[in-house]
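Trainee: Next up is a structure, given as structure tokens.
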Amino acid sequence: MTKIGILGAGKIGLAFARHTARAGYDTILSNSRGPESLQAAVAEIGHCIKAGTTEEAATADIVFLSVPWQHLEEAIAPVSSWEGKLVIDATNPVLPGMVAAPLDGKPSSQVVSELLPGARVVKAFNTLLFSLLASDPHEAGGNRVVFYSGDDPAAKKSVLEIISRLGFAGVDLGTLQDSAKLQQFPGGSLPGLNLIQLK
Ligand SMILES: NC(=O)c1ccc[n+]([C@@H]2O[C@H](COP(=O)([O-])OP(=O)(O)OC[C@H]3O[C@@H](n4cnc5c(N)ncnc54)[C@H](OP(=O)(O)O)[C@@H]3O)[C@@H](O)[C@H]2O)c1
């Protein structure tokens, strides 16, 4: 089974971890304070999950990035190489006080990609509020939609497999550049929408 490492075990990271552990993915959770601080969360989630350092989480096949934008660079610093790593970027370029971060006209996912040389970045799981992401994705006779985008078709296929296995419905928004106007928060038209794909 694919291993998933999570950088950032706050509201979004924990919501995602509950789904991946429940679906049987070996999941490693990490935060800024070290594995000891995550023992209670790991015990509560139960199986298929352990706490680790950032470096340990980043050894997984797939790394889920869920740290606040202002801590991004410091959070990824312990990882020596991103070459070939599949990274799911769930971040939003928001600074404290809900201020939009300066991006120099680039999609935020491009900024993230530039910080992770060699990584195959797929942007996903950034448009749902954490409480909605945490809830059962089966609703109203269908599956909650998760948008995803990226420039590497094989990486996107792998992320779609995860999205589907967790019980969500993946909707492909194209490349990182194409998707930004729709998927990015703030500014995009899709964040905050709770869409259900009916079967
Ligand atoms: N909240 C939402 O509804 C939502 C929805 C979509 C996307 N997002 C995006 O998801 C990301 C996370 O948001 P959140 O609400 O989950 O934030 P959060 O609850 O504040 O959690 C942030 C996590 O990042 C960790 N972290 C901070 N600095 C770190 C570092 N230097 N190294 C390792 N870990 C570090 C924190 O560690 P400690 O616990 O040790 O402090 C914490 O576990 C943000 O980019 C946000 O924009 C959030």
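Convention: chains lettered A, B, ... in structure tokens order; per-chain residue numbering from 1; ligands numbered from 1 as shown.
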If the limit is 6 Å from any atom of ligand 1, counting only C-alpha atoms and all ligand atoms, which residues qualify? Return them as a PyMOL selection string.

Mentor: chain A and resi 7-13+31-33+66-69+71+74-75+90-92+94+126-130

Trainee: Can I get the selection written as a PDB file, in the first residue's frame, with C-alpha atoms?

Mentor:
```pdb
ATOM      1  CA  LEU A   7       3.667  17.846   6.824  1.00  0.00           C
ATOM      2  CA  GLY A   8       1.429  19.891   9.107  1.00  0.00           C
ATOM      3  CA  ALA A   9      -0.910  18.114  11.517  1.00  0.00           C
ATOM      4  CA  GLY A  10      -3.371  20.902  12.171  1.00  0.00           C
ATOM      5  CA  LYS A  11      -6.957  21.198  11.033  1.00  0.00           C
ATOM      6  CA  ILE A  12      -6.430  20.105   7.417  1.00  0.00           C
ATOM      7  CA  GLY A  13      -3.603  17.647   8.024  1.00  0.00           C
ATOM      8  CA  ASN A  31       4.328  18.946  12.807  1.00  0.00           C
ATOM      9  CA  SER A  32       6.693  21.624  14.110  1.00  0.00           C
ATOM     10  CA  ARG A  33       6.858  20.287  17.689  1.00  0.00           C
ATOM     11  CA  SER A  66      -0.681  21.256   4.982  1.00  0.00           C
ATOM     12  CA  VAL A  67       1.262  23.969   6.775  1.00  0.00           C
ATOM     13  CA  PRO A  68       0.388  27.659   6.976  1.00  0.00           C
ATOM     14  CA  TRP A  69       1.783  29.634   4.048  1.00  0.00           C
ATOM     15  CA  HIS A  71       5.717  28.571   7.628  1.00  0.00           C
ATOM     16  CA  GLU A  74      10.814  26.562   7.292  1.00  0.00           C
ATOM     17  CA  ALA A  75       8.592  23.428   7.235  1.00  0.00           C
ATOM     18  CA  ALA A  90      -3.250  21.603   0.108  1.00  0.00           C
ATOM     19  CA  THR A  91      -1.919  25.013   1.126  1.00  0.00           C
ATOM     20  CA  ASN A  92      -3.531  28.339   0.476  1.00  0.00           C
ATOM     21  CA  VAL A  94      -3.032  33.285   3.124  1.00  0.00           C
ATOM     22  CA  ASN A 126      -7.394  23.071  -0.618  1.00  0.00           C
ATOM     23  CA  THR A 127     -10.947  24.197  -1.416  1.00  0.00           C
ATOM     24  CA  LEU A 128     -12.950  22.547   1.383  1.00  0.00           C
ATOM     25  CA  LEU A 129     -13.179  23.976   4.867  1.00  0.00           C
ATOM     26  CA  PHE A 130     -11.420  21.573   7.266  1.00  0.00           C
TER      27      PHE A 130
END
```

Trainee: Skipping near chain neighbours, those fewer than 5 positions away, what residues fall within 8 Å of segment 149-152 of chain A using only C-alpha atoms, listed as a list in words?

Mentor: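 Residues meeting the cut-off are Arg120, Val121, Val122, Lys123, Ala124, Asp172, Leu173, Gly174, Thr175, Leu176 and Ser179 of chain A.
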
Trainee: Restricted to N, CA and C atoms, what would the selected residues look like written as an mmCIF file, in the first residue's frame?

Mentor:
```
data_model
loop_
_atom_site.group_PDB
_atom_site.id
_atom_site.type_symbol
_atom_site.label_atom_id
_atom_site.label_comp_id
_atom_site.auth_asym_id
_atom_site.auth_seq_id
_atom_site.Cartn_x
_atom_site.Cartn_y
_atom_site.Cartn_z
ATOM 1 N N ARG A 120 6.858 16.448 -8.050
ATOM 2 C CA ARG A 120 5.691 16.438 -8.949
ATOM 3 C C ARG A 120 4.510 16.911 -8.104
ATOM 4 N N VAL A 121 4.146 18.161 -8.291
ATOM 5 C CA VAL A 121 3.155 18.782 -7.408
ATOM 6 C C VAL A 121 1.750 18.660 -8.000
ATOM 7 N N VAL A 122 0.846 18.170 -7.177
ATOM 8 C CA VAL A 122 -0.573 18.143 -7.542
ATOM 9 C C VAL A 122 -1.310 18.960 -6.494
ATOM 10 N N LYS A 123 -2.026 19.972 -6.936
ATOM 11 C CA LYS A 123 -2.774 20.783 -5.983
ATOM 12 C C LYS A 123 -4.131 20.128 -5.756
ATOM 13 N N ALA A 124 -4.480 19.889 -4.502
ATOM 14 C CA ALA A 124 -5.750 19.218 -4.186
ATOM 15 C C ALA A 124 -6.086 19.425 -2.712
ATOM 16 N N ASP A 172 -10.897 17.006 -12.286
ATOM 17 C CA ASP A 172 -9.621 17.481 -12.832
ATOM 18 C C ASP A 172 -9.784 18.889 -13.401
ATOM 19 N N LEU A 173 -8.975 19.828 -12.894
ATOM 20 C CA LEU A 173 -9.050 21.213 -13.362
ATOM 21 C C LEU A 173 -7.927 21.552 -14.329
ATOM 22 N N GLY A 174 -7.145 20.560 -14.746
ATOM 23 C CA GLY A 174 -6.102 20.835 -15.731
ATOM 24 C C GLY A 174 -4.746 21.074 -15.103
ATOM 25 N N THR A 175 -3.970 21.962 -15.726
ATOM 26 C CA THR A 175 -2.607 22.218 -15.248
ATOM 27 C C THR A 175 -2.643 23.173 -14.050
ATOM 28 N N LEU A 176 -1.501 23.305 -13.386
ATOM 29 C CA LEU A 176 -1.414 24.229 -12.246
ATOM 30 C C LEU A 176 -1.745 25.649 -12.701
ATOM 31 N N SER A 179 -5.580 26.005 -13.628
ATOM 32 C CA SER A 179 -6.543 25.830 -12.541
ATOM 33 C C SER A 179 -6.566 26.996 -11.549
#
```

Trainee: Between A:Leu29, A:Ala169, A:Leu190, A:Ile49, single out the one closest to Arg144 of chain A, counting only C-alpha atoms.

Mentor: A:Ala169

Trainee: Please provide as a PyMOL selection string all residues within 12 Å of Arg18 of chain A, with the sequence filter that same-chain residues fewer than 5 positions apart are discarded (counting only C-alpha atoms).

Mentor: chain A and resi 4+6+9-13+23-29+41-50+130+133-136+166

Trainee: Take the residues from that selection and write them out as a PDB file, in the first residue's frame, keeping N, CA and C atoms.

Mentor:
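See result.pdb below for the written result:
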```pdb
ATOM      1  N   ILE A   4       1.817   7.524   2.923  1.00  0.00           N
ATOM      2  CA  ILE A   4       1.538   8.961   2.828  1.00  0.00           C
ATOM      3  C   ILE A   4       2.145   9.663   4.038  1.00  0.00           C
ATOM      4  N   ILE A   6       2.511  13.333   6.042  1.00  0.00           N
ATOM      5  CA  ILE A   6       1.780  14.602   6.154  1.00  0.00           C
ATOM      6  C   ILE A   6       2.652  15.621   6.876  1.00  0.00           C
ATOM      7  N   ALA A   9       0.147  18.943  10.922  1.00  0.00           N
ATOM      8  CA  ALA A   9      -0.910  18.114  11.517  1.00  0.00           C
ATOM      9  C   ALA A   9      -1.909  18.996  12.265  1.00  0.00           C
ATOM     10  N   GLY A  10      -2.344  20.034  11.587  1.00  0.00           N
ATOM     11  CA  GLY A  10      -3.371  20.902  12.171  1.00  0.00           C
ATOM     12  C   GLY A  10      -4.739  20.499  11.662  1.00  0.00           C
ATOM     13  N   LYS A  11      -5.561  21.485  11.385  1.00  0.00           N
ATOM     14  CA  LYS A  11      -6.957  21.198  11.033  1.00  0.00           C
ATOM     15  C   LYS A  11      -7.059  20.401   9.732  1.00  0.00           C
ATOM     16  N   ILE A  12      -6.331  20.810   8.707  1.00  0.00           N
ATOM     17  CA  ILE A  12      -6.430  20.105   7.417  1.00  0.00           C
ATOM     18  C   ILE A  12      -5.629  18.801   7.441  1.00  0.00           C
ATOM     19  N   GLY A  13      -4.436  18.852   7.996  1.00  0.00           N
ATOM     20  CA  GLY A  13      -3.603  17.647   8.024  1.00  0.00           C
ATOM     21  C   GLY A  13      -4.273  16.515   8.782  1.00  0.00           C
ATOM     22  N   ALA A  23      -8.723   4.477   5.278  1.00  0.00           N
ATOM     23  CA  ALA A  23      -8.694   3.778   3.981  1.00  0.00           C
ATOM     24  C   ALA A  23      -7.552   2.767   3.901  1.00  0.00           C
ATOM     25  N   GLY A  24      -6.726   2.699   4.954  1.00  0.00           N
ATOM     26  CA  GLY A  24      -5.673   1.684   4.991  1.00  0.00           C
ATOM     27  C   GLY A  24      -4.321   2.139   4.488  1.00  0.00           C
ATOM     28  N   TYR A  25      -4.163   3.420   4.194  1.00  0.00           N
ATOM     29  CA  TYR A  25      -2.830   3.922   3.813  1.00  0.00           C
ATOM     30  C   TYR A  25      -1.969   4.050   5.063  1.00  0.00           C
ATOM     31  N   ASP A  26      -0.725   3.597   4.990  1.00  0.00           N
ATOM     32  CA  ASP A  26       0.216   3.844   6.092  1.00  0.00           C
ATOM     33  C   ASP A  26       0.528   5.326   6.105  1.00  0.00           C
ATOM     34  N   THR A  27       0.186   5.986   7.191  1.00  0.00           N
ATOM     35  CA  THR A  27       0.239   7.448   7.233  1.00  0.00           C
ATOM     36  C   THR A  27       1.201   7.896   8.326  1.00  0.00           C
ATOM     37  N   ILE A  28       2.093   8.841   7.983  1.00  0.00           N
ATOM     38  CA  ILE A  28       3.007   9.421   8.974  1.00  0.00           C
ATOM     39  C   ILE A  28       2.657  10.895   9.143  1.00  0.00           C
ATOM     40  N   LEU A  29       2.338  11.251  10.364  1.00  0.00           N
ATOM     41  CA  LEU A  29       1.950  12.641  10.676  1.00  0.00           C
ATOM     42  C   LEU A  29       3.157  13.382  11.235  1.00  0.00           C
ATOM     43  N   ALA A  41      -3.113  12.378  19.176  1.00  0.00           N
ATOM     44  CA  ALA A  41      -3.844  12.352  17.895  1.00  0.00           C
ATOM     45  C   ALA A  41      -3.708  10.985  17.235  1.00  0.00           C
ATOM     46  N   VAL A  42      -2.509  10.435  17.283  1.00  0.00           N
ATOM     47  CA  VAL A  42      -2.255   9.134  16.668  1.00  0.00           C
ATOM     48  C   VAL A  42      -3.050   8.034  17.396  1.00  0.00           C
ATOM     49  N   ALA A  43      -3.069   8.122  18.726  1.00  0.00           N
ATOM     50  CA  ALA A  43      -3.813   7.118  19.507  1.00  0.00           C
ATOM     51  C   ALA A  43      -5.308   7.205  19.201  1.00  0.00           C
ATOM     52  N   GLU A  44      -5.776   8.412  19.012  1.00  0.00           N
ATOM     53  CA  GLU A  44      -7.207   8.595  18.747  1.00  0.00           C
ATOM     54  C   GLU A  44      -7.583   8.058  17.362  1.00  0.00           C
ATOM     55  N   ILE A  45      -6.708   8.273  16.382  1.00  0.00           N
ATOM     56  CA  ILE A  45      -7.005   7.786  15.029  1.00  0.00           C
ATOM     57  C   ILE A  45      -6.878   6.261  14.985  1.00  0.00           C
ATOM     58  N   GLY A  46      -5.866   5.734  15.685  1.00  0.00           N
ATOM     59  CA  GLY A  46      -5.814   4.273  15.853  1.00  0.00           C
ATOM     60  C   GLY A  46      -4.893   3.558  14.905  1.00  0.00           C
ATOM     61  N   HIS A  47      -5.428   2.953  13.850  1.00  0.00           N
ATOM     62  CA  HIS A  47      -4.597   2.075  13.029  1.00  0.00           C
ATOM     63  C   HIS A  47      -4.028   2.800  11.809  1.00  0.00           C
ATOM     64  N   CYS A  48      -2.977   2.215  11.232  1.00  0.00           N
ATOM     65  CA  CYS A  48      -2.332   2.705  10.002  1.00  0.00           C
ATOM     66  C   CYS A  48      -1.728   4.093  10.143  1.00  0.00           C
ATOM     67  N   ILE A  49      -1.457   4.533  11.362  1.00  0.00           N
ATOM     68  CA  ILE A  49      -0.917   5.880  11.496  1.00  0.00           C
ATOM     69  C   ILE A  49       0.160   5.914  12.562  1.00  0.00           C
ATOM     70  N   LYS A  50       1.199   6.706  12.299  1.00  0.00           N
ATOM     71  CA  LYS A  50       2.198   6.948  13.338  1.00  0.00           C
ATOM     72  C   LYS A  50       2.690   8.384  13.217  1.00  0.00           C
ATOM     73  N   PHE A 130     -11.934  22.774   6.599  1.00  0.00           N
ATOM     74  CA  PHE A 130     -11.420  21.573   7.266  1.00  0.00           C
ATOM     75  C   PHE A 130     -12.543  20.694   7.827  1.00  0.00           C
ATOM     76  N   LEU A 133     -14.018  18.783   5.009  1.00  0.00           N
ATOM     77  CA  LEU A 133     -13.077  17.754   4.574  1.00  0.00           C
ATOM     78  C   LEU A 133     -13.083  16.579   5.546  1.00  0.00           C
ATOM     79  N   ALA A 134     -13.231  16.888   6.838  1.00  0.00           N
ATOM     80  CA  ALA A 134     -13.193  15.832   7.857  1.00  0.00           C
ATOM     81  C   ALA A 134     -14.430  14.940   7.821  1.00  0.00           C
ATOM     82  N   SER A 135     -15.526  15.451   7.292  1.00  0.00           N
ATOM     83  CA  SER A 135     -16.781  14.702   7.387  1.00  0.00           C
ATOM     84  C   SER A 135     -16.856  13.609   6.318  1.00  0.00           C
ATOM     85  N   ASP A 136     -17.854  12.755   6.466  1.00  0.00           N
ATOM     86  CA  ASP A 136     -18.047  11.633   5.542  1.00  0.00           C
ATOM     87  C   ASP A 136     -18.245  12.165   4.112  1.00  0.00           C
ATOM     88  N   LEU A 166     -10.557   7.333  -0.901  1.00  0.00           N
ATOM     89  CA  LEU A 166     -11.049   7.954   0.342  1.00  0.00           C
ATOM     90  C   LEU A 166     -12.553   8.189   0.292  1.00  0.00           C
TER      91      LEU A 166
END
```

Trainee: Nearest to Gly52 of chain A: which of A:Gly5, A:Gly118, A:Gly167, A:Gly141 is it, counting only C-alpha atoms?

Mentor: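 For Gly52 of chain A, the nearest of the candidates is A:Gly5.
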
Trainee: What lies within 10 Å of Leu115 of chain A using only C-alpha atoms, ignoring chain neighbours under 6 positions off, as a PyMOL selection string?

Mentor: chain A and resi 72-73+76-77+82+109

Trainee: Could you pull the residues within 10 Å of Lys106 of chain A, counting only C-alpha atoms, minus those fewer than 4 positions along the same chain, as a VMD selection string?

Mentor: chain A and resid 102 110 to 111 177 180

Trainee: Find the distance between atom CA of Gln197 of chain A and atom CA of Lys156 of chain A and write it in Å to one decimal.

Mentor: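 Answer for the atom CA of Gln197 of chain A to atom CA of Lys156 of chain A separation: 19.0 Å.
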
Trainee: Write out as a JSON list (two decimals) with N, CA and C atoms, in the first residue's frame the residues lying within 8 Å of Val112 of chain A, counting only C-alpha atoms and excluding same-chain residues fewer than 4 positions away.

Mentor:
```
[["chain", "number", "residue", "atom", "x", "y", "z"],
["A", 89, "ASP", "N", -0.33, 19.44, -2.72],
["A", 89, "ASP", "CA", -0.29, 20.79, -2.14],
["A", 89, "ASP", "C", -1.70, 21.21, -1.73],
["A", 108, "SER", "N", -0.17, 30.06, -6.79],
["A", 108, "SER", "CA", 0.51, 29.66, -5.54],
["A", 108, "SER", "C", 1.17, 28.29, -5.71],
["A", 116, "LEU", "N", 10.18, 23.29, -4.17],
["A", 116, "LEU", "CA", 10.38, 21.84, -4.06],
["A", 116, "LEU", "C", 11.00, 21.32, -5.36]]
```

Trainee: Please return as a VMD selection string: the residues of chain A that backbone DSSP assigns to strand (DSSP E).

Mentor: chain A and resid 3 to 7 26 to 30 49 to 51 62 to 65 86 to 89 94 to 95 99 to 100 120 to 124 138 to 139 142 to 150 169 to 172 196 to 198

Trainee: So that I can check the surroundings of Asp61 of chain A, please list as a count of residues only every protein, DNA and RNA residue that reaches within 7 Å of it, counting only C-alpha atoms and ignoring chain neighbours fewer than 4 positions away.

Mentor: 5

Trainee: Apply DSSP to the backbone of this structure and, from segment 26-59 of chain A, keep only the residues in helix (DSSP H, G or I); write these as a PyMOL selection string.

Mentor: chain A and resi 35-45+54-57

Trainee: One decimal, Å: what's the distance from atom CA of Glu161 of chain A over to atom CA of Asn194 of chain A, could you say?

Mentor: 20.4 Å

Trainee: What gap, in Å, lies between atom CA of Ala21 of chain A and atom CA of Phe64 of chain A?

Mentor: 13.4 Å
